[in-house]
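> Below is the file run04.pdb, which contains PDB, C-alpha atoms and all ligand atoms.
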ATOM      1  CA  MET Q1167       0.000   0.000   0.000
ATOM      2  CA  THR Q1168       1.302   3.472  -0.849
ATOM      3  CA  GLU Q1169       2.000   5.909   1.971
ATOM      4  CA  GLN Q1170      -0.768   8.499   2.282
ATOM      5  CA  LEU Q1171      -0.296  12.029   3.656
ATOM      6  CA  GLN Q1172      -3.749  13.185   4.720
ATOM      7  CA  GLY Q1173      -5.275  11.494   1.667
ATOM      8  CA  VAL Q1174      -2.490  12.481  -0.762
ATOM      9  CA  ASP Q1175      -0.127   9.836  -2.116
ATOM     10  CA  ALA Q1176       3.222  10.735  -0.506
ATOM     11  CA  ALA Q1177       5.415   9.514  -3.377
ATOM     12  CA  ALA Q1178       3.321  11.371  -5.979
ATOM     13  CA  PHE Q1179       3.456  14.553  -3.883
ATOM     14  CA  ARG Q1180       7.256  14.370  -3.534
ATOM     15  CA  SER Q1181       7.626  13.542  -7.198
ATOM     16  CA  ALA Q1182       5.438  16.485  -8.247
ATOM     17  CA  LEU Q1183       7.472  18.830  -6.020
ATOM     18  CA  SER Q1184      10.713  17.541  -7.579
ATOM     19  CA  ARG Q1185       9.447  18.754 -10.989
ATOM     20  CA  PHE Q1186       9.754  22.326  -9.754
ATOM     21  CA  PRO Q1187      13.320  23.594 -10.286
ATOM     22  CA  SER Q1188      14.627  26.087  -7.750
ATOM     23  CA  GLY Q1189      17.801  27.826  -6.734
ATOM     24  CA  VAL Q1190      19.757  26.707  -3.690
ATOM     25  CA  THR Q1191      20.634  28.812  -0.681
ATOM     26  CA  ILE Q1192      22.823  28.328   2.359
ATOM     27  CA  VAL Q1193      21.159  30.122   5.243
ATOM     28  CA  THR Q1194      23.174  31.135   8.292
ATOM     29  CA  THR Q1195      22.640  32.791  11.640
ATOM     30  CA  ARG Q1196      24.374  33.357  14.924
ATOM     31  CA  SER Q1197      22.833  32.812  18.354
ATOM     32  CA  ALA Q1198      23.075  35.377  21.182
ATOM     33  CA  GLY Q1199      25.937  33.311  22.661
ATOM     34  CA  GLY Q1200      27.829  33.499  19.353
ATOM     35  CA  THR Q1201      27.235  29.941  18.092
ATOM     36  CA  LEU Q1202      26.867  29.728  14.307
ATOM     37  CA  HIS Q1203      24.044  27.771  12.657
ATOM     38  CA  VAL Q1204      23.460  26.872   9.005
ATOM     39  CA  PHE Q1205      21.173  24.849   6.765
ATOM     40  CA  THR Q1206      20.727  24.361   3.035
ATOM     41  CA  ALA Q1207      17.376  25.557   1.673
ATOM     42  CA  SER Q1208      15.645  25.515  -1.704
ATOM     43  CA  SER Q1209      12.447  27.034  -0.282
ATOM     44  CA  PHE Q1210      13.775  30.602  -0.485
ATOM     45  CA  ALA Q1211      11.464  33.099  -2.253
ATOM     46  CA  ALA Q1212      10.903  36.807  -2.697
ATOM     47  CA  LEU Q1213       7.878  37.958  -0.685
ATOM     48  CA  SER Q1214       7.606  41.751  -1.023
ATOM     49  CA  LEU Q1215       9.469  44.595  -2.747
ATOM     50  CA  ASP Q1216       8.230  47.399  -0.501
ATOM     51  CA  PRO Q1217       8.996  46.671   2.232
ATOM     52  CA  PRO Q1218      11.772  44.382   1.023
ATOM     53  CA  LEU Q1219      10.869  40.934   2.391
ATOM     54  CA  VAL Q1220      12.039  37.414   1.614
ATOM     55  CA  LEU Q1221      11.068  34.057   3.045
ATOM     56  CA  VAL Q1222      12.598  30.667   3.654
ATOM     57  CA  CYS Q1223      10.859  27.599   5.092
ATOM     58  CA  LEU Q1224      12.594  25.666   7.878
ATOM     59  CA  ASP Q1225      11.691  22.165   9.063
ATOM     60  CA  GLN Q1226      10.585  22.245  12.694
ATOM     61  CA  GLY Q1227      12.600  19.051  13.195
ATOM     62  CA  ALA Q1228      15.899  20.678  12.155
ATOM     63  CA  ASP Q1229      18.617  20.806  14.818
ATOM     64  CA  CYS Q1230      19.071  24.509  13.995
ATOM     65  CA  PHE Q1231      15.328  25.263  14.305
ATOM     66  CA  ALA Q1232      15.414  26.811  17.804
ATOM     67  CA  ALA Q1233      18.401  28.984  16.890
ATOM     68  CA  PHE Q1234      16.716  30.391  13.763
ATOM     69  CA  ILE Q1235      13.375  31.229  15.339
ATOM     70  CA  ALA Q1236      15.201  33.008  18.190
ATOM     71  CA  ALA Q1237      17.603  34.814  15.832
ATOM     72  CA  GLU Q1238      17.631  38.577  15.321
ATOM     73  CA  GLN Q1239      19.114  38.253  11.855
ATOM     74  CA  PHE Q1240      19.865  35.647   9.240
ATOM     75  CA  VAL Q1241      21.851  35.612   6.007
ATOM     76  CA  VAL Q1242      20.696  33.986   2.739
ATOM     77  CA  ASN Q1243      23.612  32.990   0.490
ATOM     78  CA  ILE Q1244      22.528  32.107  -3.060
ATOM     79  CA  VAL Q1245      24.958  29.441  -4.138
ATOM     80  CA  THR Q1246      26.812  28.595  -7.362
ATOM     81  CA  PRO Q1247      27.722  25.185  -8.856
ATOM     82  CA  ALA Q1248      31.046  25.466  -7.005
ATOM     83  CA  HIS Q1249      29.123  25.242  -3.699
ATOM     84  CA  ALA Q1250      27.243  21.997  -4.469
ATOM     85  CA  LYS Q1251      29.434  19.903  -2.125
ATOM     86  CA  LEU Q1252      29.084  22.505   0.613
ATOM     87  CA  ALA Q1253      25.300  22.626   0.160
ATOM     88  CA  LYS Q1254      25.187  18.830   0.578
ATOM     89  CA  LYS Q1255      27.293  19.079   3.729
ATOM     90  CA  PHE Q1256      25.008  21.733   5.226
ATOM     91  CA  ALA Q1257      22.043  19.474   4.466
ATOM     92  CA  THR Q1258      23.612  16.726   6.602
ATOM     93  CA  LYS Q1259      22.582  16.444  10.219
ATOM     94  CA  GLY Q1260      25.449  16.379  12.693
ATOM     95  CA  ALA Q1261      28.077  17.486  10.126
ATOM     96  CA  ASP Q1262      30.906  19.752  11.285
ATOM     97  CA  LYS Q1263      29.388  22.708   9.492
ATOM     98  CA  PHE Q1264      31.809  25.439  10.461
ATOM     99  CA  ALA Q1265      35.161  24.113   9.349
ATOM    100  CA  HIS Q1266      37.669  26.967   9.225
ATOM    101  CA  GLY Q1267      37.620  29.241   6.176
ATOM    102  CA  THR Q1268      34.185  28.598   4.678
ATOM    103  CA  PHE Q1269      32.526  31.846   5.768
ATOM    104  CA  GLU Q1270      33.514  35.423   6.379
ATOM    105  CA  SER Q1271      31.792  37.422   9.137
ATOM    106  CA  ASP Q1272      30.172  40.835   8.903
ATOM    107  CA  GLU Q1273      30.412  43.415  11.718
ATOM    108  CA  GLY Q1274      27.619  41.617  13.572
ATOM    109  CA  GLY Q1275      29.416  38.280  13.327
ATOM    110  CA  TYR Q1276      26.878  36.784  10.902
ATOM    111  CA  PRO Q1277      28.504  34.333   8.485
ATOM    112  CA  ALA Q1278      28.342  34.969   4.725
ATOM    113  CA  LEU Q1279      29.786  32.983   1.810
ATOM    114  CA  PRO Q1280      32.374  35.273   0.158
ATOM    115  CA  ASP Q1281      31.870  33.927  -3.407
ATOM    116  CA  ALA Q1282      28.087  33.418  -3.370
ATOM    117  CA  ALA Q1283      25.954  34.495  -6.392
ATOM    118  CA  ALA Q1284      24.247  36.874  -3.941
ATOM    119  CA  VAL Q1285      24.246  37.506  -0.190
ATOM    120  CA  ILE Q1286      21.037  38.820   1.366
ATOM    121  CA  ARG Q1287      21.129  39.944   4.996
ATOM    122  CA  CYS Q1288      17.826  40.116   6.860
ATOM    123  CA  GLU Q1289      16.280  40.946  10.199
ATOM    124  CA  LEU Q1290      13.935  38.140  11.269
ATOM    125  CA  GLU Q1291      10.561  39.872  10.975
ATOM    126  CA  GLN Q1292       8.238  36.936  11.654
ATOM    127  CA  ALA Q1293       8.276  33.147  12.031
ATOM    128  CA  VAL Q1294       4.938  31.825  10.790
ATOM    129  CA  PRO Q1295       4.035  28.147  11.356
ATOM    130  CA  GLY Q1296       3.214  26.189   8.197
ATOM    131  CA  GLY Q1297       2.540  22.499   8.821
ATOM    132  CA  ASP Q1298       5.774  20.751   9.845
ATOM    133  CA  HIS Q1299       7.814  23.806   8.764
ATOM    134  CA  VAL Q1300       7.983  27.406   9.846
ATOM    135  CA  ILE Q1301       8.150  30.300   7.361
ATOM    136  CA  LEU Q1302      10.998  32.624   8.313
ATOM    137  CA  ILE Q1303      10.152  36.079   6.973
ATOM    138  CA  GLY Q1304      13.159  38.351   6.693
ATOM    139  CA  ARG Q1305      13.252  42.112   6.219
ATOM    140  CA  VAL Q1306      16.208  42.743   3.939
ATOM    141  CA  HIS Q1307      18.700  45.337   5.113
ATOM    142  CA  ASP Q1308      21.533  44.591   2.738
ATOM    143  CA  ALA Q1309      21.919  42.720  -0.564
ATOM    144  CA  GLN Q1310      25.167  42.079  -2.432
ATOM    145  CA  ILE Q1311      25.679  40.482  -5.830
ATOM    146  CA  GLY Q1312      28.620  38.171  -6.598
ATOM    147  CA  SER Q1313      30.076  37.285  -9.979
ATOM    148  CA  GLY Q1314      29.067  33.584 -10.135
ATOM    149  CA  GLU Q1315      25.865  32.228 -11.696
ATOM    150  CA  PRO Q1316      23.416  30.493  -9.351
ATOM    151  CA  VAL Q1317      23.027  26.712  -9.325
ATOM    152  CA  THR Q1318      19.670  24.979  -9.945
ATOM    153  CA  TRP Q1319      18.165  22.163  -7.827
ATOM    154  CA  TYR Q1320      16.043  19.811  -9.928
ATOM    155  CA  LYS Q1321      14.912  16.216  -9.353
ATOM    156  CA  GLY Q1322      17.426  15.783  -6.540
ATOM    157  CA  ASP Q1323      20.444  17.078  -8.440
ATOM    158  CA  PHE Q1324      22.509  20.264  -8.690
ATOM    159  CA  LEU Q1325      22.483  21.592 -12.279
ATOM    160  CA  ARG Q1326      24.006  24.515 -14.142
ATOM    161  CA  LEU Q1327      21.627  27.082 -15.652
ATOM    162  CA  GLY Q1328      20.212  26.079 -19.041
ATOM    163  CA  GLU Q1329      19.526  28.002 -22.249
ATOM    164  CA  SER Q1330      16.854  30.590 -22.884
ATOM    165  CA  ALA Q1331      13.551  29.046 -24.044
ATOM    166  CA  THR Q1332      12.442  32.140 -25.958
TER     167      THR Q1332
HETATM  168  C1  LIG N1401      18.986  21.118  -2.059
HETATM  169  C2  LIG N1401      18.388  21.017  -0.670
HETATM  170  C3  LIG N1401      17.390  21.893  -0.296
HETATM  171  C4  LIG N1401      16.835  21.853   0.997
HETATM  172  N1  LIG N1401      15.875  22.750   1.323
HETATM  173  C5  LIG N1401      15.397  22.783   2.591
HETATM  174  C6  LIG N1401      14.460  23.786   2.968
HETATM  175  O1  LIG N1401      14.057  24.626   2.173
HETATM  176  N2  LIG N1401      14.034  23.798   4.265
HETATM  177  C7  LIG N1401      14.484  22.858   5.175
HETATM  178  O2  LIG N1401      14.059  22.926   6.340
HETATM  179  N3  LIG N1401      15.363  21.902   4.837
HETATM  180  C8  LIG N1401      15.844  21.846   3.578
HETATM  181  N4  LIG N1401      16.768  20.918   3.229
HETATM  182  C9  LIG N1401      17.240  19.971   4.240
HETATM  183  C10 LIG N1401      18.149  20.654   5.290
HETATM  184  O3  LIG N1401      19.222  21.353   4.660
HETATM  185  C11 LIG N1401      18.762  19.603   6.261
HETATM  186  O4  LIG N1401      17.740  18.837   6.813
HETATM  187  C12 LIG N1401      19.599  20.268   7.360
HETATM  188  O5  LIG N1401      20.495  19.306   7.839
HETATM  189  C13 LIG N1401      18.750  20.812   8.489
HETATM  190  O6  LIG N1401      19.557  21.378   9.489
HETATM  191  P1  LIG N1401      20.040  20.599  10.829
HETATM  192  O7  LIG N1401      21.299  19.863  10.410
HETATM  193  O8  LIG N1401      20.286  21.708  11.774
HETATM  194  O9  LIG N1401      18.953  19.636  11.256
HETATM  195  C14 LIG N1401      17.305  20.899   1.937
HETATM  196  C15 LIG N1401      18.310  19.994   1.552
HETATM  197  C16 LIG N1401      18.851  20.046   0.252
HETATM  198  C17 LIG N1401      19.936  19.085  -0.136
END
Produce structure tokens that represent the structure in this file.

Amino acid sequence: MTEQLQGVDAAAFRSALSRFPSGVTIVTTRSAGGTLHVFTASSFAALSLDPPLVLVCLDQGADCFAAFIAAEQFVVNIVTPAHAKLAKKFATKGADKFAHGTFESDEGGYPALPDAAAVIRCELEQAVPGGDHVILIGRVHDAQIGSGEPVTWYKGDFLRLGESAT
């Protein structure tokens, strides 16, 4: 028998979601005590231009969950194909995620990837529950563009950007 999620076939749901290509981000924060936290996220999206808001969805079962919902700020790093290995590492529970040299810190001590396609720094405006995730809404206070092209996440793989369809 196929696994059902509230009446929806779980495999079909996951498979349908995997047909939606997205970018990949590495999201970081720093707790009041100075501990750094990070997770890989494809659920990043623009929410509002004025005020400038973005969102990212975080699993309530993540080890870093408590740190992110208590955070004052978080940083969204939009990653390039060169970061695929790193993105896999930051998607691995229990990994040593802050090996020396990966991140550089801003004045507030928040970690950013120096060669990301873009780095978006946010104040945590709201954390809105959504099923087994929480929607972290960030008010953007700084955005920087890097030189690399972003990577694409599609059907469980990291891909380079394709050609124009028009
Ligand atoms: C490409 C990719 C995208 C992911 N996107 C999300 C996401 O949007 N939200 C999320 O909570 N977890 C996402 N994950 C899984 C988390 O990165 C992973 O569970 C992470 O280890 C959670 O942090 P923790 O180690 O503190 O538990 C994604 C994993 C991959 C490989």
> Let me have the centre and edge lengths in Å, one decimal, of the box along x, y and z around every listed atom of stretch 1228-1231 of chain Q with 6 Å of margin on each side, as JSON.

{"center_x": 17.2, "center_y": 23.0, "center_z": 13.5, "size_x": 15.7, "size_y": 16.6, "size_z": 14.7}
> Counting all atoms listed in the file, what are the residues, protein, DNA or RNA alike, that approach ligand LIG 1401 (chain N) to within 10 Å? I want them as a VMD selection string.
chain Q and resid 1188 to 1193 1203 to 1211 1221 to 1234 1250 to 1263 1298 to 1301 1318 to 1324
> Put those residues in a file: C-alpha atoms, as a tab-separated table (two decimals), keeping the file's coordinate frame.

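out_22.tsv written:
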chain	number	residue	atom	x	y	z
Q	1188	SER	CA	14.63	26.09	-7.75
Q	1189	GLY	CA	17.80	27.83	-6.73
Q	1190	VAL	CA	19.76	26.71	-3.69
Q	1191	THR	CA	20.63	28.81	-0.68
Q	1192	ILE	CA	22.82	28.33	2.36
Q	1193	VAL	CA	21.16	30.12	5.24
Q	1203	HIS	CA	24.04	27.77	12.66
Q	1204	VAL	CA	23.46	26.87	9.01
Q	1205	PHE	CA	21.17	24.85	6.76
Q	1206	THR	CA	20.73	24.36	3.04
Q	1207	ALA	CA	17.38	25.56	1.67
Q	1208	SER	CA	15.64	25.52	-1.70
Q	1209	SER	CA	12.45	27.03	-0.28
Q	1210	PHE	CA	13.78	30.60	-0.48
Q	1211	ALA	CA	11.46	33.10	-2.25
Q	1221	LEU	CA	11.07	34.06	3.04
Q	1222	VAL	CA	12.60	30.67	3.65
Q	1223	CYS	CA	10.86	27.60	5.09
Q	1224	LEU	CA	12.59	25.67	7.88
Q	1225	ASP	CA	11.69	22.16	9.06
Q	1226	GLN	CA	10.58	22.24	12.69
Q	1227	GLY	CA	12.60	19.05	13.20
Q	1228	ALA	CA	15.90	20.68	12.16
Q	1229	ASP	CA	18.62	20.81	14.82
Q	1230	CYS	CA	19.07	24.51	14.00
Q	1231	PHE	CA	15.33	25.26	14.30
Q	1232	ALA	CA	15.41	26.81	17.80
Q	1233	ALA	CA	18.40	28.98	16.89
Q	1234	PHE	CA	16.72	30.39	13.76
Q	1250	ALA	CA	27.24	22.00	-4.47
Q	1251	LYS	CA	29.43	19.90	-2.12
Q	1252	LEU	CA	29.08	22.50	0.61
Q	1253	ALA	CA	25.30	22.63	0.16
Q	1254	LYS	CA	25.19	18.83	0.58
Q	1255	LYS	CA	27.29	19.08	3.73
Q	1256	PHE	CA	25.01	21.73	5.23
Q	1257	ALA	CA	22.04	19.47	4.47
Q	1258	THR	CA	23.61	16.73	6.60
Q	1259	LYS	CA	22.58	16.44	10.22
Q	1260	GLY	CA	25.45	16.38	12.69
Q	1261	ALA	CA	28.08	17.49	10.13
Q	1262	ASP	CA	30.91	19.75	11.28
Q	1263	LYS	CA	29.39	22.71	9.49
Q	1298	ASP	CA	5.77	20.75	9.85
Q	1299	HIS	CA	7.81	23.81	8.76
Q	1300	VAL	CA	7.98	27.41	9.85
Q	1301	ILE	CA	8.15	30.30	7.36
Q	1318	THR	CA	19.67	24.98	-9.94
Q	1319	TRP	CA	18.16	22.16	-7.83
Q	1320	TYR	CA	16.04	19.81	-9.93
Q	1321	LYS	CA	14.91	16.22	-9.35
Q	1322	GLY	CA	17.43	15.78	-6.54
Q	1323	ASP	CA	20.44	17.08	-8.44
Q	1324	PHE	CA	22.51	20.26	-8.69
> If we count all atoms listed in the file and set the cut-off at 9 Å, which residues sit around Q:Gly1275, ignoring sequence neighbours fewer than 6 positions away in its own chain? Please answer as a list in words.
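Residues near the query, excluding close chain neighbours: Thr1195, Arg1196, Gly1200 and Leu1202 of chain Q.
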> Pick out the residues sitting within 12 Å of Q:Ala1309, and hand them over as a count of residues only; count only C-alpha atoms, and ignore anything fewer than 5 positions along from it in its own chain.
15
> Quick one: distance from atom CA of Q:Pro1217 to atom CA of Q:Asp1272 in Å, one decimal?
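Atom-to-atom, atom CA of Q:Pro1217 and atom CA of Q:Asp1272 are spaced 23.0 Å apart.
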> Going by the chain IDs and residue numbers used in this file, which residues fall under the PyMOL selection byres (((chain Q and resi 1316) around 6) and not hetatm)? Write them as a list in words.
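Written out, the selection comes to Val1245, Thr1246, Ala1283, Glu1315 and Val1317 of chain Q.
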> Can you tell me how far atom CA of Q:Gly1328 sits from atom CA of Q:Asp1281, in Å to one decimal?
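Separation of atom CA of Q:Gly1328 and atom CA of Q:Asp1281: 21.0 Å.
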> Point out the residue among Q:Thr1201, Q:Gly1304, Q:Ala1212, Q:Phe1186 with the least atom-to-atom distance to Q:Phe1264, counting all atoms listed in the file.
Q:Thr1201
> One number please: atom CA of Q:Thr1194 to atom CA of Q:Pro1277, in Å, one decimal.
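These two atoms are separated by 6.2 Å.
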